[in-house]
file model_9.txt (compact mmCIF, C-alpha atoms)
# COMPACT_ATOMS: atom_id res chain seq x y z
CA MET K 1 -5.54 28.23 56.14
CA ASN K 2 -7.17 28.06 59.56
CA PRO K 3 -6.63 24.49 60.87
CA THR K 4 -10.28 24.30 61.90
CA THR K 5 -11.50 25.11 58.42
CA VAL K 6 -12.55 22.25 56.16
CA PRO K 7 -10.29 22.41 53.10
CA THR K 8 -11.91 23.04 49.74
CA PRO K 9 -11.28 20.55 46.92
CA GLN K 10 -8.72 22.96 45.44
CA GLU K 11 -6.81 23.09 48.75
CA LYS K 12 -6.76 19.32 49.22
CA THR K 13 -4.14 17.12 47.64
CA MET K 14 -4.27 13.58 46.33
CA ASP K 15 -1.58 11.09 45.39
CA ALA K 16 -1.06 10.63 41.66
CA VAL K 17 1.31 8.73 39.37
CA VAL K 18 3.53 11.49 38.02
CA LEU K 19 6.12 11.33 35.26
CA GLU K 20 8.77 13.70 36.58
CA ARG K 21 11.10 13.22 33.62
CA PRO K 22 12.02 10.32 31.32
CA HIS K 23 12.62 7.12 33.32
CA GLU K 24 11.47 8.73 36.56
CA ILE K 25 7.96 8.16 37.94
CA GLN K 26 6.87 9.08 41.43
CA ILE K 27 3.65 8.59 43.36
CA ARG K 28 3.27 11.92 45.10
CA PRO K 29 0.67 14.56 46.09
CA VAL K 30 -0.80 16.81 43.42
CA PRO K 31 -3.40 19.60 43.83
CA GLY K 32 -6.97 18.52 44.45
CA LEU K 33 -9.79 18.98 41.99
CA GLY K 34 -12.16 21.89 41.58
CA GLN K 35 -15.89 21.85 42.16
CA VAL K 36 -18.13 19.82 39.87
CA GLY K 37 -19.68 22.24 37.42
CA PRO K 38 -22.82 21.99 35.29
CA GLY K 39 -22.65 19.07 32.89
CA GLU K 40 -19.78 17.45 34.78
CA VAL K 41 -19.30 14.42 37.04
CA ARG K 42 -16.78 13.50 39.68
CA VAL K 43 -15.52 9.94 39.20
CA GLY K 44 -13.56 7.78 41.60
CA VAL K 45 -10.96 6.14 39.38
CA HIS K 46 -10.80 2.35 39.68
CA THR K 47 -8.64 0.96 36.87
CA VAL K 48 -6.25 2.58 34.39
CA GLY K 49 -4.58 0.76 31.51
CA ILE K 50 -1.03 1.46 30.41
CA CYS K 51 -0.93 2.48 26.76
CA GLY K 52 2.03 2.44 24.42
CA SER K 53 1.98 6.23 24.42
CA ASP K 54 2.31 6.25 28.23
CA VAL K 55 5.33 3.98 27.96
CA HIS K 56 6.83 6.12 25.20
CA TYR K 57 6.56 9.24 27.34
CA TYR K 58 8.16 7.29 30.18
CA THR K 59 11.07 6.06 28.08
CA HIS K 60 11.58 8.96 25.66
CA GLY K 61 9.77 11.96 27.12
CA ARG K 62 8.07 12.78 23.85
CA ILE K 63 5.96 11.52 20.97
CA GLY K 64 6.44 13.58 17.81
CA PRO K 65 5.54 17.19 18.62
CA TYR K 66 4.26 16.32 22.12
CA VAL K 67 7.11 16.87 24.57
CA VAL K 68 6.96 16.38 28.35
CA GLU K 69 8.47 19.68 29.56
CA ALA K 70 7.01 19.57 33.09
CA PRO K 71 5.86 16.83 35.49
CA MET K 72 2.72 15.17 34.13
CA VAL K 73 0.16 12.77 35.60
CA LEU K 74 0.05 9.69 33.36
CA GLY K 75 -2.85 7.53 32.15
CA HIS K 76 -5.82 7.88 29.81
CA GLU K 77 -7.51 4.43 29.68
CA ALA K 78 -9.81 4.62 32.69
CA SER K 79 -12.90 3.33 34.42
CA GLY K 80 -14.43 4.18 37.77
CA THR K 81 -17.53 4.98 39.80
CA VAL K 82 -19.53 8.20 39.76
CA LEU K 83 -19.17 10.06 43.08
CA GLU K 84 -21.01 13.29 42.27
CA VAL K 85 -23.07 14.67 39.39
CA GLY K 86 -23.30 18.28 38.36
CA GLU K 87 -26.30 20.36 37.42
CA GLY K 88 -28.10 19.20 34.29
CA VAL K 89 -26.66 15.67 34.25
CA THR K 90 -29.53 13.19 33.89
CA HIS K 91 -28.04 10.08 32.27
CA LEU K 92 -25.67 9.30 35.14
CA ALA K 93 -26.17 8.87 38.89
CA VAL K 94 -23.96 8.45 41.93
CA GLY K 95 -22.77 4.85 42.08
CA ASP K 96 -22.83 4.22 38.34
CA ARG K 97 -19.90 2.26 36.96
CA VAL K 98 -18.45 4.18 34.04
CA CYS K 99 -15.61 4.58 31.58
CA MET K 100 -14.38 7.93 30.38
CA GLU K 101 -13.43 9.14 26.91
CA PRO K 102 -10.13 10.97 27.49
CA GLY K 103 -10.24 13.51 24.66
CA ILE K 104 -12.29 16.65 25.27
CA PRO K 105 -12.76 18.81 22.16
CA ASN K 106 -13.90 22.37 21.77
CA PRO K 107 -17.63 21.87 21.08
CA ARG K 108 -17.72 25.01 18.97
CA SER K 109 -14.84 24.03 16.70
CA ARG K 110 -15.46 23.33 13.04
CA ALA K 111 -14.18 19.76 13.47
CA SER K 112 -16.61 19.12 16.32
CA ARG K 113 -19.55 20.51 14.37
CA LEU K 114 -18.64 18.17 11.50
CA GLY K 115 -18.54 15.19 13.85
CA MET K 116 -14.75 14.78 13.59
CA TYR K 117 -13.93 16.05 17.06
CA ASN K 118 -10.92 13.71 17.30
CA VAL K 119 -9.05 15.97 14.87
CA ASP K 120 -10.05 19.20 16.65
CA PRO K 121 -6.77 21.15 17.08
CA ASP K 122 -8.00 22.32 20.48
CA VAL K 123 -8.79 18.86 21.87
CA ARG K 124 -7.48 18.28 25.39
CA PHE K 125 -6.44 14.65 25.73
CA TRP K 126 -5.46 13.07 29.04
CA ALA K 127 -1.71 12.47 29.48
CA THR K 128 -0.77 14.34 26.32
CA PRO K 129 1.51 17.25 27.27
CA PRO K 130 0.67 19.60 28.83
CA VAL K 131 -2.62 17.94 29.88
CA HIS K 132 -2.51 15.75 32.98
CA GLY K 133 -3.84 12.19 32.88
CA CYS K 134 -6.09 10.17 35.17
CA LEU K 135 -3.76 8.00 37.29
CA GLN K 136 -5.09 9.56 40.47
CA PRO K 137 -7.95 8.81 42.88
CA GLU K 138 -10.54 11.13 41.31
CA VAL K 139 -11.23 13.09 38.14
CA VAL K 140 -13.82 15.70 37.21
CA HIS K 141 -14.98 15.00 33.67
CA PRO K 142 -17.68 16.15 31.22
CA ALA K 143 -20.71 13.92 31.58
CA ASP K 144 -21.11 13.86 27.80
CA PHE K 145 -17.83 11.94 27.57
CA THR K 146 -18.60 9.61 30.48
CA TYR K 147 -20.39 6.35 29.68
CA LYS K 148 -22.26 3.95 31.93
CA LEU K 149 -21.01 0.37 31.76
CA PRO K 150 -23.48 -2.49 31.30
CA ASP K 151 -23.56 -5.12 34.02
CA ARG K 152 -21.77 -7.65 31.82
CA LEU K 153 -18.58 -5.56 31.73
CA SER K 154 -16.24 -5.35 34.70
CA LEU K 155 -14.43 -2.15 35.60
CA GLU K 156 -11.25 -3.76 34.31
CA GLU K 157 -12.92 -4.36 30.96
CA GLY K 158 -14.29 -0.83 31.12
CA ALA K 159 -10.74 0.50 31.15
CA LEU K 160 -10.15 -1.40 27.90
CA ILE K 161 -12.93 0.44 26.09
CA GLU K 162 -10.52 3.26 25.19
CA PRO K 163 -8.19 1.14 23.01
CA PHE K 164 -11.16 -0.91 21.81
CA ALA K 165 -12.74 2.34 20.60
CA VAL K 166 -9.71 2.81 18.32
CA ALA K 167 -10.37 -0.63 16.83
CA VAL K 168 -14.10 -0.03 16.46
CA HIS K 169 -13.43 3.34 14.81
CA ALA K 170 -11.01 1.65 12.38
CA VAL K 171 -13.46 -1.13 11.53
CA THR K 172 -16.24 1.41 11.05
CA LYS K 173 -14.12 3.47 8.65
CA ALA K 174 -13.21 0.30 6.77
CA GLY K 175 -16.87 -0.41 6.07
CA ILE K 176 -16.56 -4.16 6.56
CA SER K 177 -19.32 -6.20 4.93
CA PRO K 178 -20.49 -9.67 6.01
CA GLY K 179 -18.18 -12.31 4.62
CA ASP K 180 -15.20 -10.02 4.02
CA VAL K 181 -11.70 -11.42 4.31
CA VAL K 182 -9.55 -9.20 6.51
CA ALA K 183 -5.82 -8.93 7.16
CA VAL K 184 -4.19 -7.19 10.13
CA ALA K 185 -0.48 -6.37 10.26
CA GLY K 186 0.66 -6.20 13.89
CA ALA K 187 -0.62 -8.10 16.93
CA GLY K 188 -0.05 -5.49 19.60
CA THR K 189 -3.00 -4.39 21.72
CA ILE K 190 -4.58 -2.32 18.93
CA GLY K 191 -3.95 -4.98 16.29
CA VAL K 192 -5.52 -7.74 18.39
CA LEU K 193 -8.49 -5.55 19.28
CA THR K 194 -8.93 -4.61 15.60
CA ALA K 195 -8.93 -8.28 14.61
CA ILE K 196 -11.53 -9.03 17.29
CA ALA K 197 -13.70 -6.07 16.24
CA ALA K 198 -13.47 -7.10 12.58
CA ALA K 199 -14.44 -10.69 13.36
CA ALA K 200 -17.36 -9.51 15.48
CA SER K 201 -18.47 -7.13 12.72
CA GLY K 202 -19.01 -9.76 10.04
CA ALA K 203 -15.60 -10.68 8.64
CA SER K 204 -15.55 -14.36 7.69
CA ARG K 205 -11.79 -14.73 8.17
CA VAL K 206 -9.19 -12.48 9.77
CA TYR K 207 -5.47 -13.09 9.24
CA ILE K 208 -3.21 -11.32 11.74
CA SER K 209 0.59 -11.29 11.57
CA ASP K 210 3.38 -10.46 13.97
CA VAL K 211 7.03 -11.31 14.55
CA ALA K 212 6.23 -12.43 18.12
CA PRO K 213 3.97 -15.51 17.93
CA GLU K 214 3.51 -15.38 21.72
CA LYS K 215 1.02 -12.58 21.10
CA PHE K 216 -1.38 -14.94 19.36
CA ALA K 217 -2.33 -16.66 22.62
CA LYS K 218 -4.93 -13.98 23.29
CA ILE K 219 -6.88 -14.76 20.10
CA GLU K 220 -7.05 -18.56 20.37
CA ALA K 221 -10.68 -18.30 21.51
CA TYR K 222 -11.72 -16.70 18.20
CA PRO K 223 -12.04 -19.42 15.54
CA THR K 224 -12.25 -16.99 12.60
CA ILE K 225 -8.97 -15.23 13.51
CA HIS K 226 -5.91 -16.94 12.01
CA PRO K 227 -2.38 -16.11 13.21
CA VAL K 228 0.49 -15.64 10.77
CA ASP K 229 4.03 -15.92 12.17
CA ALA K 230 5.83 -13.15 10.32
CA THR K 231 9.21 -14.72 11.04
CA ARG K 232 8.25 -17.67 8.81
CA GLN K 233 5.42 -16.46 6.59
CA ASP K 234 4.56 -13.35 4.61
CA LEU K 235 1.08 -12.00 5.35
CA ALA K 236 0.42 -11.06 1.73
CA GLU K 237 1.37 -14.53 0.50
CA VAL K 238 -0.76 -16.26 3.12
CA VAL K 239 -3.78 -14.13 2.21
CA ARG K 240 -3.32 -14.64 -1.53
CA GLU K 241 -3.04 -18.40 -1.07
CA ALA K 242 -6.17 -18.44 1.08
CA THR K 243 -8.16 -16.39 -1.44
CA ASP K 244 -7.05 -18.05 -4.70
CA GLY K 245 -4.78 -15.12 -5.47
CA TRP K 246 -7.42 -12.43 -5.00
CA GLY K 247 -6.37 -10.79 -1.71
CA ALA K 248 -8.06 -9.36 1.36
CA ASP K 249 -11.10 -7.12 1.13
CA VAL K 250 -9.76 -4.99 3.99
CA VAL K 251 -6.22 -4.62 5.31
CA PHE K 252 -5.39 -2.92 8.60
CA GLU K 253 -1.84 -1.71 9.21
CA ALA K 254 -1.69 -1.73 13.02
CA SER K 255 2.02 -2.02 13.73
CA GLY K 256 3.36 1.39 12.73
CA ASN K 257 6.52 -0.45 11.66
CA PRO K 258 8.01 0.98 8.44
CA ARG K 259 8.91 -2.55 7.28
CA ALA K 260 5.23 -3.46 7.17
CA PHE K 261 4.71 -1.03 4.30
CA ALA K 262 6.99 -2.97 1.95
CA SER K 263 4.30 -5.55 1.11
CA LEU K 264 1.27 -3.65 2.38
CA TRP K 265 -0.03 -2.86 -1.10
CA GLU K 266 0.28 -6.50 -2.20
CA THR K 267 -2.11 -7.75 0.48
CA PRO K 268 -5.47 -6.19 -0.49
CA ALA K 269 -7.67 -7.35 -3.34
CA PRO K 270 -8.34 -5.05 -6.29
CA GLY K 271 -10.75 -2.38 -5.12
CA GLY K 272 -9.96 -3.26 -1.53
CA THR K 273 -9.43 -0.97 1.43
CA VAL K 274 -6.29 -0.23 3.43
CA VAL K 275 -6.77 1.31 6.88
CA LEU K 276 -3.72 2.92 8.48
CA VAL K 277 -4.10 2.49 12.24
CA GLY K 278 -0.53 2.25 13.52
CA ILE K 279 1.42 5.50 13.67
CA PRO K 280 5.01 5.31 12.36
CA VAL K 281 7.56 7.39 14.26
CA ASP K 282 9.11 8.61 11.00
CA PRO K 283 7.73 9.12 7.48
CA VAL K 284 7.27 5.94 5.45
CA PRO K 285 7.26 5.43 1.66
CA LEU K 286 3.90 5.30 -0.09
CA ASP K 287 3.83 3.39 -3.38
CA VAL K 288 1.13 5.45 -5.08
CA ALA K 289 1.38 3.52 -8.35
CA ALA K 290 0.79 0.19 -6.61
CA ALA K 291 -2.27 1.59 -4.84
CA GLN K 292 -3.59 3.13 -8.05
CA ALA K 293 -3.11 -0.05 -10.07
CA ARG K 294 -5.62 -1.79 -7.81
CA GLU K 295 -7.79 1.28 -7.16
CA LEU K 296 -7.33 0.83 -3.44
CA ARG K 297 -9.19 2.98 -0.97
CA ILE K 298 -6.96 4.30 1.81
CA GLU K 299 -8.39 5.33 5.17
CA THR K 300 -6.52 6.80 8.11
CA VAL K 301 -7.33 6.61 11.81
CA PHE K 302 -6.48 9.05 14.59
CA ARG K 303 -7.93 7.92 17.92
CA TYR K 304 -11.75 7.84 17.44
CA ALA K 305 -14.90 9.91 17.25
CA ASN K 306 -18.39 8.83 18.30
CA ALA K 307 -17.09 5.29 18.81
CA TYR K 308 -17.48 4.74 22.56
CA PRO K 309 -21.17 3.71 22.54
CA ARG K 310 -20.55 1.18 19.76
CA ALA K 311 -17.40 -0.10 21.47
CA ILE K 312 -19.27 -0.63 24.74
CA GLU K 313 -22.14 -2.44 23.02
CA LEU K 314 -19.77 -4.71 21.10
CA ALA K 315 -17.60 -5.38 24.16
CA ALA K 316 -20.69 -6.45 26.10
CA SER K 317 -21.80 -8.89 23.40
CA PRO K 318 -21.09 -12.63 23.66
CA SER K 319 -18.72 -12.43 20.67
CA VAL K 320 -16.09 -10.38 22.55
CA ASP K 321 -14.12 -11.05 25.74
CA LEU K 322 -11.94 -8.07 26.63
CA GLY K 323 -11.06 -9.44 30.05
CA ASP K 324 -8.96 -12.19 28.50
CA LEU K 325 -6.58 -9.53 27.11
CA ILE K 326 -5.48 -8.33 30.55
CA SER K 327 -1.99 -9.72 31.17
CA ALA K 328 -1.40 -8.28 34.65
CA THR K 329 -2.92 -5.85 37.14
CA TYR K 330 -0.73 -3.90 39.57
CA PRO K 331 -1.88 -1.96 42.65
CA VAL K 332 -1.24 1.75 42.31
CA GLU K 333 1.50 1.49 44.95
CA GLU K 334 3.44 -0.60 42.39
CA ALA K 335 2.86 1.75 39.45
CA VAL K 336 6.59 2.12 38.82
CA ALA K 337 6.95 -1.64 38.46
CA ALA K 338 3.95 -1.67 36.10
CA PHE K 339 5.58 0.91 33.83
CA GLU K 340 8.91 -0.88 33.96
CA ARG K 341 7.16 -4.04 32.79
CA GLY K 342 5.41 -2.07 30.07
CA ALA K 343 8.77 -0.74 28.90
CA GLU K 344 10.10 -4.32 28.72
CA ALA K 345 7.49 -5.03 26.00
CA ARG K 346 7.22 -8.71 26.89
CA PRO K 347 5.93 -10.57 23.82
CA GLY K 348 3.23 -12.33 25.82
CA ASP K 349 1.80 -9.14 27.30
CA THR K 350 -1.24 -7.51 25.75
CA LYS K 351 -2.54 -5.10 28.39
CA ILE K 352 -1.04 -4.07 31.72
CA GLN K 353 -3.40 -2.29 34.09
CA ILE K 354 -3.08 -0.37 37.35
CA ARG K 355 -5.82 -0.60 39.99
CA VAL K 356 -6.17 2.80 41.62
CA ALA K 357 -8.98 1.95 44.03
CA GLY K 358 -11.31 -0.90 44.95
CA ALA K 359 -10.86 -4.50 45.99
call {"tool": "encode", "arguments": {"input": "model_9.txt", "output": "structure tokens"}}
result
Amino acid sequence: MNPTTVPTPQEKTMDAVVLERPHEIQIRPVPGLGQVGPGEVRVGVHTVGICGSDVHYYTHGRIGPYVVEAPMVLGHEASGTVLEVGEGVTHLAVGDRVCMEPGIPNPRSRASRLGMYNVDPDVRFWATPPVHGCLQPEVVHPADFTYKLPDRLSLEEGALIEPFAVAVHAVTKAGISPGDVVAVAGAGTIGVLTAIAAAASGASRVYISDVAPEKFAKIEAYPTIHPVDATRQDLAEVVREATDGWGADVVFEASGNPRAFASLWETPAPGGTVVLVGIPVDPVPLDVAAAQARELRIETVFRYANAYPRAIELAASPSVDLGDLISATYPVEEAVAAFERGAEARPGDTKIQIRVAGA
């Protein structure tokens, strides 16, 4: 390249947080982005949350069939500011604060046409091998999967919309009615967010259990959410006692822990609903007879579809405070330390974030 020539975006480089191999992350240059095409936007990334899947790739190099076989940019929970809009984009403008849905489906697939684009086999999801993530200064993203944030939400809260969308999708599939009693097994990030979404969606009482009671500190501000210390109490027994032996109208399994399935079918009321949100690493037993005896409805959740607008609206309402779930924010220069802390899985941590840009 002639040194007097202005480099094109493809010729430029930018520093990104790259997983080189398990237990090795580097902040190093990666190729720049292409031009912004029709229907696309260029976004300056501000905040990226660390997800359990990011940590699992860092520590194990794989999740099920997804194996990191080459260096990969991490991160998929992101917010930022629009820097450039492509042809045909009318709902976004330069300077808008946004969050980005990280899964891009094939719009012509059968799953997409049916509205279930989250299960499209061709979906390209940030930081899922071999697709690079968003822990870098800029991304070019489809405008249809980029959402303007209301003034009430900070960019840090905007980066929490991605996991909150999982919770909102789960609550939507559960079909919660006003006054329902809800139980949640697991108080990790998704479990806590599911409990908050259920409470904000009309549940009268939400019982959430975990073996680490330190996790309950993040839900103290929600009077209808009741913690259950799983080291001393059984969630099913607590719910039965609180409902005169009837059980919960809706039960969310949000831990992915095989041990949670032992009493899972004892927790819901007859005719109740069980929503499987957590993803076990290995197959777990399913007591079909127990589910049939109560005519339970079983729903499963894989990421989300058409949930971002609802998640943003709910997050911006007075009944939800996502910002309180942020345990720590690291500058991008300390990304390695952020992932090391994520791998520690401190009981009191709910969400660790990395600030890529901005004060």
call {"tool": "residues_around", "arguments": {"input": "model_9.txt", "residues": "stretch 213-215 of chain K", "least_positions_apart": "4", "cutoff": "6 Å", "atoms": "all atoms listed in the file", "output": "JSON list (two decimals) with C-alpha atoms, keeping the file's coordinate frame"}}
result
[["chain", "number", "residue", "atom", "x", "y", "z"],
["K", 229, "ASP", "CA", 4.03, -15.92, 12.17],
["K", 347, "PRO", "CA", 5.93, -10.57, 23.82],
["K", 348, "GLY", "CA", 3.23, -12.33, 25.82]]
call {"tool": "closest_residue", "arguments": {"input": "model_9.txt", "among": "K:Asp210, K:Asp122, K:Asp96, K:Asp54", "to": "K:Thr231", "atoms": "only C-alpha atoms"}}
result
K:Asp210
call {"tool": "closest_residue", "arguments": {"input": "model_9.txt", "among": "K:Ser109, K:Thr224, K:Thr128, K:Ser327", "to": "K:Val182", "atoms": "only C-alpha atoms"}}
result
K:Thr224
call {"tool": "closest_residue", "arguments": {"input": "model_9.txt", "among": "K:Val275, K:Val211, K:Ala335, K:Phe125", "to": "K:Arg355", "atoms": "all atoms listed in the file"}}
result
K:Ala335
call {"tool": "closest_residue", "arguments": {"input": "model_9.txt", "among": "K:Leu193, K:Ala187, K:Ile104, K:Ala337", "to": "K:Arg124", "atoms": "all atoms listed in the file"}}
result
K:Ile104
call {"tool": "residues_near_point", "arguments": {"input": "model_9.txt", "point": "(-2.2, 11.4, 31.3)", "cutoff": "9 Å", "atoms": "all atoms listed in the file", "output": "NGL selection string"}}
result
:K and (18 or 54 or 72-77 or 102 or 125-129 or 131-135)
call {"tool": "atom_distance", "arguments": {"input": "model_9.txt", "atom1": "atom CA of K:Gln292", "atom2": "atom CA of K:Leu264"}}
result
13.4 Å
call {"tool": "closest_residue", "arguments": {"input": "model_9.txt", "among": "K:Arg259, K:His91, K:Ala315, K:Ala289", "to": "K:Leu153", "atoms": "only C-alpha atoms"}}
result
K:Ala315
call {"tool": "closest_residue", "arguments": {"input": "model_9.txt", "among": "K:Gly39, K:Gly61, K:Gly44, K:Gly158", "to": "K:Leu322", "atoms": "all atoms listed in the file"}}
result
K:Gly158
call {"tool": "atom_distance", "arguments": {"input": "model_9.txt", "atom1": "atom CA of K:Asn306", "atom2": "atom CA of K:Pro178"}}
result
22.3 Å
call {"tool": "residues_around", "arguments": {"input": "model_9.txt", "residues": "K:Asn106", "least_positions_apart": "5", "cutoff": "10 Å", "atoms": "all atoms listed in the file", "output": "PyMOL selection string"}}
result
chain K and resi 111-113+117+120-124
call {"tool": "axis_aligned_box", "arguments": {"input": "model_9.txt", "around": "stretch 18-31 of chain K", "padding_each_side": "6 Å", "output": "JSON"}}
result
{"center_x": 4.6, "center_y": 13.4, "center_z": 38.7, "size_x": 28.0, "size_y": 24.5, "size_z": 26.8}
call {"tool": "atom_distance", "arguments": {"input": "model_9.txt", "atom1": "atom CA of K:Ile352", "atom2": "atom CA of K:His226"}}
result
24.0 Å
call {"tool": "residues_near_point", "arguments": {"input": "model_9.txt", "point": "(-9.5, -13.8, 10.4)", "cutoff": "9 Å", "atoms": "all atoms listed in the file", "output": "list of chain:residue names"}}
result
K:Val181, K:Val182, K:Ala183, K:Val184, K:Ala195, K:Ile196, K:Ala198, K:Ala199, K:Ala203, K:Ser204, K:Arg205, K:Val206, K:Tyr207, K:Ile208, K:Tyr222, K:Pro223, K:Thr224, K:Ile225, K:His226, K:Pro227
call {"tool": "residues_around", "arguments": {"input": "model_9.txt", "residues": "K:Met100", "least_positions_apart": "5", "cutoff": "8 Å", "atoms": "all atoms listed in the file", "output": "PDB file with C-alpha atoms, keeping the file's coordinate frame"}}
result
ATOM      1  CA  GLU K  77      -7.510   4.430  29.680  1.00  0.00           C
ATOM      2  CA  ALA K  78      -9.810   4.620  32.690  1.00  0.00           C
ATOM      3  CA  SER K  79     -12.900   3.330  34.420  1.00  0.00           C
ATOM      4  CA  HIS K 141     -14.980  15.000  33.670  1.00  0.00           C
ATOM      5  CA  PHE K 145     -17.830  11.940  27.570  1.00  0.00           C
ATOM      6  CA  THR K 146     -18.600   9.610  30.480  1.00  0.00           C
ATOM      7  CA  TYR K 147     -20.390   6.350  29.680  1.00  0.00           C
ATOM      8  CA  GLU K 162     -10.520   3.260  25.190  1.00  0.00           C
TER       9      GLU K 162
END
call {"tool": "build_atoms", "arguments": {"input": "model_9.txt", "residues": "stretch 32-43 of chain K", "atoms": "N, CA, C and O atoms", "output": "PDB file, in the frame of the given file"}}
result
ATOM      1  N   GLY K  32      -5.640  19.115  44.545  1.00  0.00           N
ATOM      2  CA  GLY K  32      -6.970  18.520  44.450  1.00  0.00           C
ATOM      3  C   GLY K  32      -7.763  19.111  43.300  1.00  0.00           C
ATOM      4  O   GLY K  32      -7.318  20.033  42.609  1.00  0.00           O
ATOM      5  N   LEU K  33      -8.942  18.573  43.108  1.00  0.00           N
ATOM      6  CA  LEU K  33      -9.790  18.980  41.990  1.00  0.00           C
ATOM      7  C   LEU K  33     -10.692  20.133  42.375  1.00  0.00           C
ATOM      8  O   LEU K  33     -10.970  20.370  43.551  1.00  0.00           O
ATOM      9  N   GLY K  34     -11.193  20.819  41.359  1.00  0.00           N
ATOM     10  CA  GLY K  34     -12.160  21.890  41.580  1.00  0.00           C
ATOM     11  C   GLY K  34     -13.548  21.329  41.803  1.00  0.00           C
ATOM     12  O   GLY K  34     -13.783  20.109  41.827  1.00  0.00           O
ATOM     13  N   GLN K  35     -14.495  22.236  41.982  1.00  0.00           N
ATOM     14  CA  GLN K  35     -15.890  21.850  42.160  1.00  0.00           C
ATOM     15  C   GLN K  35     -16.437  21.227  40.874  1.00  0.00           C
ATOM     16  O   GLN K  35     -15.954  21.497  39.774  1.00  0.00           O
ATOM     17  N   VAL K  36     -17.450  20.403  41.024  1.00  0.00           N
ATOM     18  CA  VAL K  36     -18.130  19.820  39.870  1.00  0.00           C
ATOM     19  C   VAL K  36     -19.083  20.854  39.300  1.00  0.00           C
ATOM     20  O   VAL K  36     -20.000  21.315  39.983  1.00  0.00           O
ATOM     21  N   GLY K  37     -18.861  21.228  38.052  1.00  0.00           N
ATOM     22  CA  GLY K  37     -19.680  22.240  37.420  1.00  0.00           C
ATOM     23  C   GLY K  37     -20.864  21.642  36.679  1.00  0.00           C
ATOM     24  O   GLY K  37     -21.029  20.415  36.614  1.00  0.00           O
ATOM     25  N   PRO K  38     -21.704  22.478  36.096  1.00  0.00           N
ATOM     26  CA  PRO K  38     -22.820  21.990  35.290  1.00  0.00           C
ATOM     27  C   PRO K  38     -22.331  21.089  34.160  1.00  0.00           C
ATOM     28  O   PRO K  38     -21.335  21.394  33.496  1.00  0.00           O
ATOM     29  N   GLY K  39     -23.016  19.983  33.966  1.00  0.00           N
ATOM     30  CA  GLY K  39     -22.650  19.070  32.890  1.00  0.00           C
ATOM     31  C   GLY K  39     -21.431  18.218  33.178  1.00  0.00           C
ATOM     32  O   GLY K  39     -20.938  17.536  32.274  1.00  0.00           O
ATOM     33  N   GLU K  40     -20.958  18.224  34.424  1.00  0.00           N
ATOM     34  CA  GLU K  40     -19.780  17.450  34.780  1.00  0.00           C
ATOM     35  C   GLU K  40     -20.106  16.383  35.823  1.00  0.00           C
ATOM     36  O   GLU K  40     -21.161  16.427  36.463  1.00  0.00           O
ATOM     37  N   VAL K  41     -19.186  15.428  35.985  1.00  0.00           N
ATOM     38  CA  VAL K  41     -19.300  14.420  37.040  1.00  0.00           C
ATOM     39  C   VAL K  41     -17.936  14.253  37.700  1.00  0.00           C
ATOM     40  O   VAL K  41     -16.900  14.467  37.079  1.00  0.00           O
ATOM     41  N   ARG K  42     -17.995  13.901  38.979  1.00  0.00           N
ATOM     42  CA  ARG K  42     -16.780  13.500  39.680  1.00  0.00           C
ATOM     43  C   ARG K  42     -16.755  11.974  39.707  1.00  0.00           C
ATOM     44  O   ARG K  42     -17.744  11.341  40.095  1.00  0.00           O
ATOM     45  N   VAL K  43     -15.632  11.395  39.292  1.00  0.00           N
ATOM     46  CA  VAL K  43     -15.520   9.940  39.200  1.00  0.00           C
ATOM     47  C   VAL K  43     -14.361   9.473  40.063  1.00  0.00           C
ATOM     48  O   VAL K  43     -13.248  10.020  39.999  1.00  0.00           O
TER      49      VAL K  43
END
